[in-house]
Structures are given as C-alpha cells and as structure tokens.
>>> print(open('work-v4.txt').read())   # compact mmCIF, C-alpha atoms
# COMPACT_ATOMS: atom_id res chain seq x y z
CA MET O 269 9.28 7.00 12.19
CA GLN O 270 11.56 9.98 12.15
CA ASN O 271 11.53 10.73 8.45
CA LEU O 272 10.42 9.74 4.98
CA GLN O 273 13.05 7.01 4.79
CA SER O 274 12.03 5.39 8.09
CA THR O 275 11.18 1.72 7.68
CA THR O 276 9.22 -1.05 9.31
CA THR O 277 10.83 -4.49 9.40
CA LEU O 278 8.63 -7.17 7.84
CA HIS O 279 8.55 -10.60 9.45
CA ASN O 280 11.21 -11.91 7.06
CA GLY O 281 13.64 -9.13 8.02
CA VAL O 282 13.11 -6.98 4.91
CA LYS O 283 12.83 -3.27 5.63
CA MET O 284 9.92 -1.41 3.99
CA PRO O 285 9.40 2.36 4.12
CA TRP O 286 6.43 3.41 6.26
CA PHE O 287 5.47 5.93 3.60
CA GLY O 288 5.28 5.75 -0.18
CA LEU O 289 3.60 6.95 -3.36
CA GLY O 290 0.61 5.16 -4.85
CA VAL O 291 -0.18 5.52 -8.57
CA PHE O 292 -3.69 4.05 -8.75
CA LYS O 293 -5.64 5.42 -11.75
CA VAL O 294 -2.70 7.48 -12.99
CA GLU O 295 -2.49 6.94 -16.74
CA GLU O 296 0.71 6.34 -18.67
CA GLY O 297 2.24 9.59 -19.85
CA PRO O 298 4.41 12.54 -18.84
CA GLU O 299 2.26 13.38 -15.80
CA LEU O 300 2.86 9.94 -14.28
CA VAL O 301 6.59 10.02 -15.00
CA HIS O 302 6.86 13.50 -13.50
CA ALA O 303 4.95 12.47 -10.34
CA VAL O 304 7.13 9.42 -9.65
CA LYS O 305 10.34 11.34 -10.37
CA ALA O 306 9.16 14.18 -8.10
CA ALA O 307 8.48 11.70 -5.30
CA ILE O 308 11.96 10.20 -5.57
CA LYS O 309 13.51 13.68 -5.73
CA HIS O 310 11.68 14.73 -2.56
CA GLY O 311 12.79 11.71 -0.56
CA TYR O 312 10.15 9.02 -1.17
CA ARG O 313 11.71 5.56 -1.30
CA SER O 314 8.62 3.44 -1.95
CA ILE O 315 6.50 3.27 -5.11
CA ASP O 316 3.32 1.18 -5.34
CA THR O 317 1.77 0.14 -8.66
CA ALA O 318 -0.21 -2.84 -10.03
CA ALA O 319 -0.66 -4.64 -13.33
CA ILE O 320 -4.28 -3.46 -13.60
CA TYR O 321 -3.25 0.20 -13.32
CA GLY O 322 -1.77 -0.14 -16.82
CA ASN O 323 1.12 2.16 -15.96
CA GLU O 324 4.02 -0.16 -15.09
CA GLU O 325 6.06 0.95 -18.11
CA GLY O 326 5.81 4.64 -17.16
CA VAL O 327 6.58 3.82 -13.53
CA GLY O 328 9.65 1.86 -14.65
CA GLN O 329 10.86 4.72 -16.82
CA ALA O 330 10.32 7.20 -13.98
CA ILE O 331 12.20 4.97 -11.55
CA ARG O 332 15.22 4.76 -13.86
CA GLU O 333 15.24 8.50 -14.55
CA GLY O 334 14.40 9.46 -10.97
CA LEU O 335 17.15 7.33 -9.44
CA ALA O 336 19.69 8.63 -11.96
CA ASP O 337 18.68 12.23 -11.21
CA VAL O 338 19.42 11.89 -7.49
CA GLY O 339 22.33 9.46 -7.81
CA LEU O 340 20.66 6.51 -6.10
CA SER O 341 20.70 2.85 -7.09
CA ARG O 342 17.85 0.39 -7.57
CA GLU O 343 18.48 -1.05 -4.08
CA ASP O 344 17.54 2.30 -2.54
CA LEU O 345 13.94 1.98 -3.74
CA PHE O 346 11.12 -0.29 -2.58
CA VAL O 347 8.88 -1.22 -5.53
CA THR O 348 5.52 -2.97 -5.20
CA SER O 349 3.25 -4.44 -7.88
CA LYS O 350 0.24 -6.76 -7.79
CA VAL O 351 -1.11 -9.72 -9.75
CA TRP O 352 -4.53 -8.98 -11.24
CA ASN O 353 -7.58 -11.20 -10.76
CA ALA O 354 -7.72 -12.43 -14.37
CA ASP O 355 -4.16 -13.72 -14.02
CA GLN O 356 -4.69 -15.64 -10.79
CA GLY O 357 -3.77 -19.32 -10.66
CA TYR O 358 -0.33 -20.90 -10.49
CA GLU O 359 1.11 -20.77 -14.02
CA THR O 360 -0.76 -17.60 -14.99
CA THR O 361 0.61 -15.78 -11.95
CA LEU O 362 4.18 -16.77 -12.86
CA THR O 363 3.60 -15.38 -16.36
CA ALA O 364 1.94 -12.21 -15.03
CA PHE O 365 4.93 -11.62 -12.75
CA GLU O 366 7.37 -11.82 -15.67
CA THR O 367 5.20 -9.38 -17.64
CA SER O 368 5.13 -6.88 -14.77
CA LEU O 369 8.87 -7.16 -14.28
CA GLU O 370 9.50 -6.66 -17.99
CA LYS O 371 7.23 -3.61 -18.16
CA LEU O 372 8.87 -2.09 -15.11
CA GLY O 373 12.30 -2.92 -16.53
CA LEU O 374 13.44 -4.40 -13.21
CA ASP O 375 15.32 -7.57 -12.23
CA TYR O 376 13.31 -8.13 -9.07
CA LEU O 377 10.39 -6.70 -7.09
CA ASP O 378 10.55 -5.70 -3.45
CA LEU O 379 6.94 -6.67 -2.85
CA TYR O 380 4.37 -8.54 -4.93
CA LEU O 381 0.75 -8.77 -3.78
CA ILE O 382 -2.36 -10.76 -4.68
CA HIS O 383 -4.64 -7.87 -5.63
CA TRP O 384 -7.99 -9.38 -4.52
CA PRO O 385 -9.00 -12.66 -2.83
CA VAL O 386 -10.47 -14.39 -5.90
CA GLU O 387 -12.30 -17.40 -4.55
CA GLY O 388 -10.92 -20.78 -5.58
CA LYS O 389 -7.86 -19.10 -7.08
CA TYR O 390 -5.89 -17.26 -4.43
CA LYS O 391 -4.26 -20.34 -2.86
CA GLU O 392 -2.75 -21.38 -6.19
CA THR O 393 -1.72 -17.78 -6.76
CA TRP O 394 -0.05 -17.77 -3.35
CA ARG O 395 1.88 -20.95 -4.24
CA ALA O 396 3.26 -19.09 -7.26
CA LEU O 397 4.27 -16.13 -5.08
CA GLU O 398 6.01 -18.51 -2.66
CA ALA O 399 7.92 -20.09 -5.57
CA LEU O 400 9.02 -16.67 -6.88
CA TYR O 401 10.02 -15.63 -3.36
CA LYS O 402 12.09 -18.78 -2.81
CA ALA O 403 13.76 -18.21 -6.17
CA GLY O 404 14.85 -14.76 -5.01
CA ARG O 405 12.76 -12.88 -7.58
CA ILE O 406 10.77 -11.00 -4.91
CA ARG O 407 12.04 -9.73 -1.56
CA ALA O 408 8.63 -9.91 0.15
CA ILE O 409 5.19 -11.28 -0.73
CA GLY O 410 1.76 -10.36 0.50
CA VAL O 411 -1.91 -9.92 -0.16
CA SER O 412 -4.33 -7.08 -0.68
CA ASN O 413 -7.98 -6.72 0.32
CA PHE O 414 -7.95 -9.91 2.39
CA GLN O 415 -10.39 -10.12 5.28
CA ILE O 416 -9.66 -12.20 8.40
CA HIS O 417 -11.40 -15.30 7.01
CA HIS O 418 -9.42 -15.09 3.74
CA LEU O 419 -6.18 -14.90 5.72
CA GLN O 420 -7.19 -17.81 7.97
CA ASP O 421 -8.03 -19.87 4.89
CA LEU O 422 -4.72 -19.00 3.24
CA LEU O 423 -2.67 -19.66 6.37
CA LYS O 424 -4.04 -23.23 6.63
CA GLU O 425 -1.95 -24.24 3.63
CA ALA O 426 0.60 -21.47 3.15
CA GLU O 427 4.22 -22.39 3.64
CA ILE O 428 5.16 -18.73 3.99
CA LYS O 429 3.00 -16.25 5.84
CA PRO O 430 2.12 -13.05 3.93
CA MET O 431 4.35 -10.15 4.99
CA ILE O 432 1.78 -7.49 4.06
CA ASN O 433 -1.98 -7.07 3.83
CA GLN O 434 -2.81 -3.90 1.91
CA VAL O 435 -6.41 -2.82 2.48
CA GLU O 436 -8.70 0.18 2.30
CA TYR O 437 -8.01 2.04 5.54
CA HIS O 438 -9.01 5.54 6.63
CA PRO O 439 -10.86 7.24 9.53
CA ARG O 440 -14.24 6.04 8.20
CA LEU O 441 -12.99 2.44 7.88
CA THR O 442 -10.62 1.70 10.74
CA GLN O 443 -10.56 -2.12 10.35
CA VAL O 444 -9.78 -2.63 14.04
CA GLU O 445 -10.42 -6.41 14.14
CA LEU O 446 -8.45 -6.97 10.95
CA GLN O 447 -5.53 -4.93 12.24
CA THR O 448 -5.52 -6.84 15.54
CA PHE O 449 -5.51 -10.16 13.67
CA CYS O 450 -2.69 -9.05 11.36
CA LYS O 451 -0.63 -7.87 14.34
CA GLU O 452 -1.07 -11.23 16.06
CA GLN O 453 0.09 -12.96 12.88
CA GLY O 454 3.04 -10.66 12.26
CA ILE O 455 1.47 -9.40 9.03
CA GLN O 456 2.09 -5.68 8.41
CA LEU O 457 -1.06 -3.72 7.56
CA GLU O 458 -0.82 -1.20 4.71
CA ALA O 459 -3.41 1.43 3.77
CA TRP O 460 -4.69 2.14 0.30
CA SER O 461 -6.96 5.12 -0.22
CA PRO O 462 -5.82 6.56 3.13
CA LEU O 463 -7.46 9.91 2.33
CA MET O 464 -10.75 8.23 1.35
CA GLN O 465 -10.33 9.58 -2.17
CA GLY O 466 -10.45 13.11 -0.82
CA GLN O 467 -13.84 12.70 0.86
CA LEU O 468 -12.55 13.68 4.30
CA LEU O 469 -10.60 16.76 3.32
CA ASP O 470 -13.25 19.20 4.56
CA HIS O 471 -14.34 17.30 7.68
CA PRO O 472 -14.92 19.83 10.54
CA GLU O 473 -13.53 17.68 13.35
CA LEU O 474 -10.44 16.75 11.36
CA GLN O 475 -10.05 20.41 10.46
CA GLU O 476 -10.10 21.32 14.13
CA ILE O 477 -7.33 18.81 14.93
CA ALA O 478 -5.35 19.95 11.89
CA SER O 479 -5.59 23.61 12.91
CA GLN O 480 -4.29 22.81 16.40
CA HIS O 481 -1.16 21.31 14.84
CA GLY O 482 -0.78 23.85 12.04
CA LYS O 483 -1.18 21.01 9.54
CA SER O 484 -3.56 20.04 6.74
CA ILE O 485 -6.29 17.41 7.16
CA ALA O 486 -4.39 15.14 4.76
CA GLN O 487 -1.27 15.40 6.91
CA VAL O 488 -3.28 14.61 10.06
CA ILE O 489 -4.85 11.49 8.50
CA LEU O 490 -1.51 10.22 7.19
CA ARG O 491 0.08 10.84 10.58
CA TRP O 492 -2.80 8.90 12.19
CA ASP O 493 -1.98 5.95 9.90
CA LEU O 494 1.65 5.93 10.97
CA GLN O 495 0.87 6.28 14.67
CA HIS O 496 -1.38 3.24 14.32
CA GLY O 497 1.56 1.34 12.83
CA VAL O 498 0.02 1.22 9.35
CA VAL O 499 2.15 1.67 6.23
CA THR O 500 0.57 4.25 3.95
CA ILE O 501 0.81 5.15 0.23
CA PRO O 502 -1.21 8.28 -0.61
CA LYS O 503 -1.66 8.87 -4.31
CA SER O 504 -0.96 12.23 -5.88
CA ILE O 505 0.26 13.51 -9.23
CA LYS O 506 0.82 17.11 -8.13
CA GLU O 507 4.35 17.83 -6.98
CA HIS O 508 3.33 20.30 -4.25
CA ARG O 509 0.88 17.71 -2.87
CA ILE O 510 3.54 14.97 -3.00
CA ILE O 511 5.76 17.23 -0.86
CA GLU O 512 2.92 18.23 1.49
CA ASN O 513 1.73 14.64 2.04
CA ALA O 514 5.18 13.65 3.24
CA ALA O 515 5.61 16.55 5.69
CA ILE O 516 4.28 14.54 8.62
CA PHE O 517 7.40 13.70 10.56
CA ASP O 518 7.66 16.96 12.51
CA PHE O 519 4.56 16.62 14.68
CA GLU O 520 2.70 14.04 16.73
CA LEU O 521 -1.00 13.51 17.38
CA THR O 522 -2.00 13.24 21.04
CA ALA O 523 -3.79 10.19 22.44
CA GLU O 524 -6.94 12.31 22.50
CA ASP O 525 -6.49 13.26 18.82
CA MET O 526 -6.08 9.59 17.96
CA ASP O 527 -9.24 8.62 19.86
CA ARG O 528 -11.25 11.38 18.18
CA ILE O 529 -10.16 10.23 14.75
CA ASP O 530 -10.80 6.56 15.61
CA ALA O 531 -14.32 7.55 16.64
CA LEU O 532 -15.11 8.69 13.07
CA ASN O 533 -15.30 5.05 11.96
CA GLN O 534 -18.52 4.02 10.19
CA ASN O 535 -17.21 0.87 8.48
CA HIS O 536 -17.73 2.83 5.29
CA ARG O 537 -15.94 1.72 2.12
CA VAL O 538 -15.24 3.82 -0.94
CA GLY O 539 -13.81 0.79 -2.73
CA PRO O 540 -15.31 -2.64 -3.44
CA ASP O 541 -16.22 -5.06 -0.67
CA PRO O 542 -13.65 -7.90 -0.51
CA ASP O 543 -16.48 -10.32 0.24
CA ASN O 544 -18.59 -9.20 -2.67
CA PHE O 545 -16.74 -8.12 -5.81
CA ASP O 546 -17.14 -9.47 -9.31
CA PHE O 547 -14.10 -8.57 -11.35
>>> encode(input="work-v4.txt", output="structure tokens")
Amino acid sequence: MQNLQSTTTLHNGVKMPWFGLGVFKVEEGPELVHAVKAAIKHGYRSIDTAAIYGNEEGVGQAIREGLADVGLSREDLFVTSKVWNADQGYETTLTAFETSLEKLGLDYLDLYLIHWPVEGKYKETWRALEALYKAGRIRAIGVSNFQIHHLQDLLKEAEIKPMINQVEYHPRLTQVELQTFCKEQGIQLEAWSPLMQGQLLDHPELQEIASQHGKSIAQVILRWDLQHGVVTIPKSIKEHRIIENAAIFDFELTAEDMDRIDALNQNHRVGPDPDNFDF
C-alpha cells in the first residue's frame, strides 16, 4: 500500500483500490459533483455509492467530468453501487441494477453489493448478482452488512463466493471474528463509517498516537484500517478533507500503536444492527 492507487487483488483477480471516497448521505447537487471531481483530481480511483443514497446521477456526472479533467478513462476508476432492500429478489434486482447503471451513465460496474441481508430475499438477490457477473456487466460482486451466519447461509448455495463484505468498521467496532472468517473465505473486508461518523476525532488516546506521528486522528484511523488489510472509503465533501484523508501513505503505525487502537473496541455500532433492522 504505497499510495492512493495501490490495490488489493480480489479472489477473482480483479484489482480494487485500498482507498476510496464514500458518498453516503451526500445529496444531489453541485457540492456532490465537486467532491467526487476533487477526489479524482487528487488521485482517488475508487468511488462508492448506492441506490438508496439517491445521488447516482450526480456521481455519474462527476465521474465523467472528473475523468475528462485529468485525462483518464473509465477503466481507470473503480465504481461501486448497491442494491437496496426494497429491490431485493431476483427480477427486481436485475431491474434495480439497470436503473443504477442508467443513472450513473455507465456501461458496467466494478462492484455491486447487496446492501443489507434481507431475510428470505438475499439468496435470490445473490443469484441475480451472479447472473449479471457471468454476463460481464459487473467486474466483482459482494455483500454489505453480512454477519458470519449470513455469509455461511449464502455460501451453502452460492455458485460464486462474494468478493467483498462491506461493514461498519472502526476502533470501537473491530469485528475481529468476522474479519477472521472473511480472511479464511478469501472475502475482502471493507469498512464503511471508518471514522465512526466523526465520533472518535477528539479521542485522547488516538490524539496521543496521532501527535507522535505528526498526523490527524482521522489519518491514524484510516492507516489502522489499511494495516489491518481492510479496504476503506471515508466520506467527505470538503476538498481539503478529501486531500487530508488520503495522506496516509507516508507513515506507518507500530505494532504497539495497532494494539492500543484495537483495545478501544466496545462492539459499539453507530449504524443499524445487521441482525435487527427493519427497512
């Protein structure tokens, strides 16, 4: 992980950047377009959105403009979207995929995820993702917010193993068992809400570690993700923050730093519980 373009190789051979920009809760409009274009300009090569975010059109516009601005082609960017819960099921997922693609203005997606493990639905949804993958419409497929038992259930019948599991992951929710399971299965773990929605940005112990490295707390947490082998997609709409978040390739946390951060775990979620959500 030498720089912002460094990649991890998924189990199907597709290369995915370790670091990207998330656009959760960023509304359509000039601010969104500016943020995505700024990310591309400053070297980001991975953009993560979802149907439910309601901003795929703006993301698509920003991708086209951002790539043109820096003289890159579509192949240089890794674009992720997700099928929402209301669209889960076989046929409905196929339709939802076409809608997302159309809004983004793209011919294919690099990664498409099942957003949440909707009981009784996600296996059919997965079948649809497998069909789209086999048809060459998506370069990699995966899941989001799946616990070990969801993955075990899916793997019983899946023809293709998920390449990614994107989950809430930060120093207060280290998901050790889940990460171990995913590693054993060759499923790459990816963090959403890596900065715990800003709740850790004044934590004294993290501040101490950050000061030792001449870095910000955000940079320390994002570096911790990468050193644990977890892909991360911090969200920001401010250009200076987009630049700062990515400035994590010029330092390394010590084993002691890593242990201290690991020890902050409280199994504390800021997002919904994958075993108990109703949307």
>>> closest_atom_pairs(input="work-v4.txt", of="region 438-464 of chain O", to="region 287-291 of chain O", cutoff="10 Å", atoms="all atoms listed in the file", output="CSV")
residue,atom,partner,partner_atom,distance
O:Glu458,CA,O:Phe287,CA,9.6
O:Ala459,CA,O:Phe287,CA,10.0
O:Trp460,CA,O:Gly290,CA,8.0
O:Ser461,CA,O:Gly290,CA,8.9
>>> closest_residue(input="work-v4.txt", among="O:Met431, O:Glu325, O:Gln420, O:Asp344", to="Gly281 (chain O)", atoms="all atoms listed in the file")
O:Met431
>>> atom_distance(input="work-v4.txt", atom1="CA of Val338 (chain O)", atom2="CA of Glu507 (chain O)")
16.2 Å
>>> residues_around(input="work-v4.txt", residues="Ala396 (chain O)", least_positions_apart="6", cutoff="9 Å", atoms="only C-alpha atoms", output="list in words")
Gly357, Tyr358, Glu359, Thr360, Thr361 and Leu362 of chain O
>>> write_last_selection(input="work-v4.txt", atoms="C-alpha atoms", output="compact mmCIF listing (two decimals), in the coordinates of the input")
# COMPACT_ATOMS: atom_id res chain seq x y z
CA GLY O 357 -3.77 -19.32 -10.66
CA TYR O 358 -0.33 -20.90 -10.49
CA GLU O 359 1.11 -20.77 -14.02
CA THR O 360 -0.76 -17.60 -14.99
CA THR O 361 0.61 -15.78 -11.95
CA LEU O 362 4.18 -16.77 -12.86
>>> axis_aligned_box(input="work-v4.txt", around="region 315-334 of chain O", padding_each_side="5 Å", output="AutoDock Vina command-line options")
--center_x 5.5 --center_y 2.4 --center_z -11.6 --size_x 29.5 --size_y 24.1 --size_z 23.0
>>> residues_around(input="work-v4.txt", residues="Glu366 (chain O)", least_positions_apart="3", cutoff="12 Å", atoms="only C-alpha atoms", output="ChimeraX atom specification")
/O:319,349-351,355,359-363,369-377,380,396-397,400,405-406
>>> closest_residue(input="work-v4.txt", among="O:Glu436, O:Asp378, O:Glu427, O:Glu299", to="Asp541 (chain O)", atoms="all atoms listed in the file")
O:Glu436
>>> residues_around(input="work-v4.txt", residues="Gln453 (chain O)", least_positions_apart="4", cutoff="12 Å", atoms="all atoms listed in the file", output="list of chain:residue names")
O:Leu278, O:His279, O:Ile416, O:Leu419, O:Gln420, O:Leu423, O:Ile428, O:Lys429, O:Pro430, O:Met431, O:Ile432, O:Asn433, O:Leu446, O:Gln447, O:Thr448, O:Phe449, O:Leu457
>>> closest_residue(input="work-v4.txt", among="O:His508, O:Lys389, O:Lys305, O:Arg313", to="His418 (chain O)", atoms="all atoms listed in the file")
O:Lys389
>>> atom_distance(input="work-v4.txt", atom1="CA of Glu333 (chain O)", atom2="CA of Gln465 (chain O)")
28.4 Å
>>> atom_distance(input="work-v4.txt", atom1="CA of Arg491 (chain O)", atom2="CA of Met464 (chain O)")
14.5 Å
>>> residues_near_point(input="work-v4.txt", point="(-2.0, 10.6, 20.8)", cutoff="12 Å", atoms="all atoms listed in the file", output="list in words")
Ile477, Val488, Arg491, Trp492, Asp493, Leu494, Gln495, His496, Phe519, Glu520, Leu521, Thr522, Ala523, Glu524, Asp525, Met526, Asp527, Arg528, Ile529 and Asp530 of chain O
>>> closest_residue(input="work-v4.txt", among="O:His417, O:His383, O:Arg537, O:Arg407", to="Tyr437 (chain O)", atoms="all atoms listed in the file")
O:Arg537
>>> residues_around(input="work-v4.txt", residues="Asn533 (chain O)", least_positions_apart="2", cutoff="9 Å", atoms="all atoms listed in the file", output="PyMOL selection string")
chain O and resi 438-443+529-531+535-536
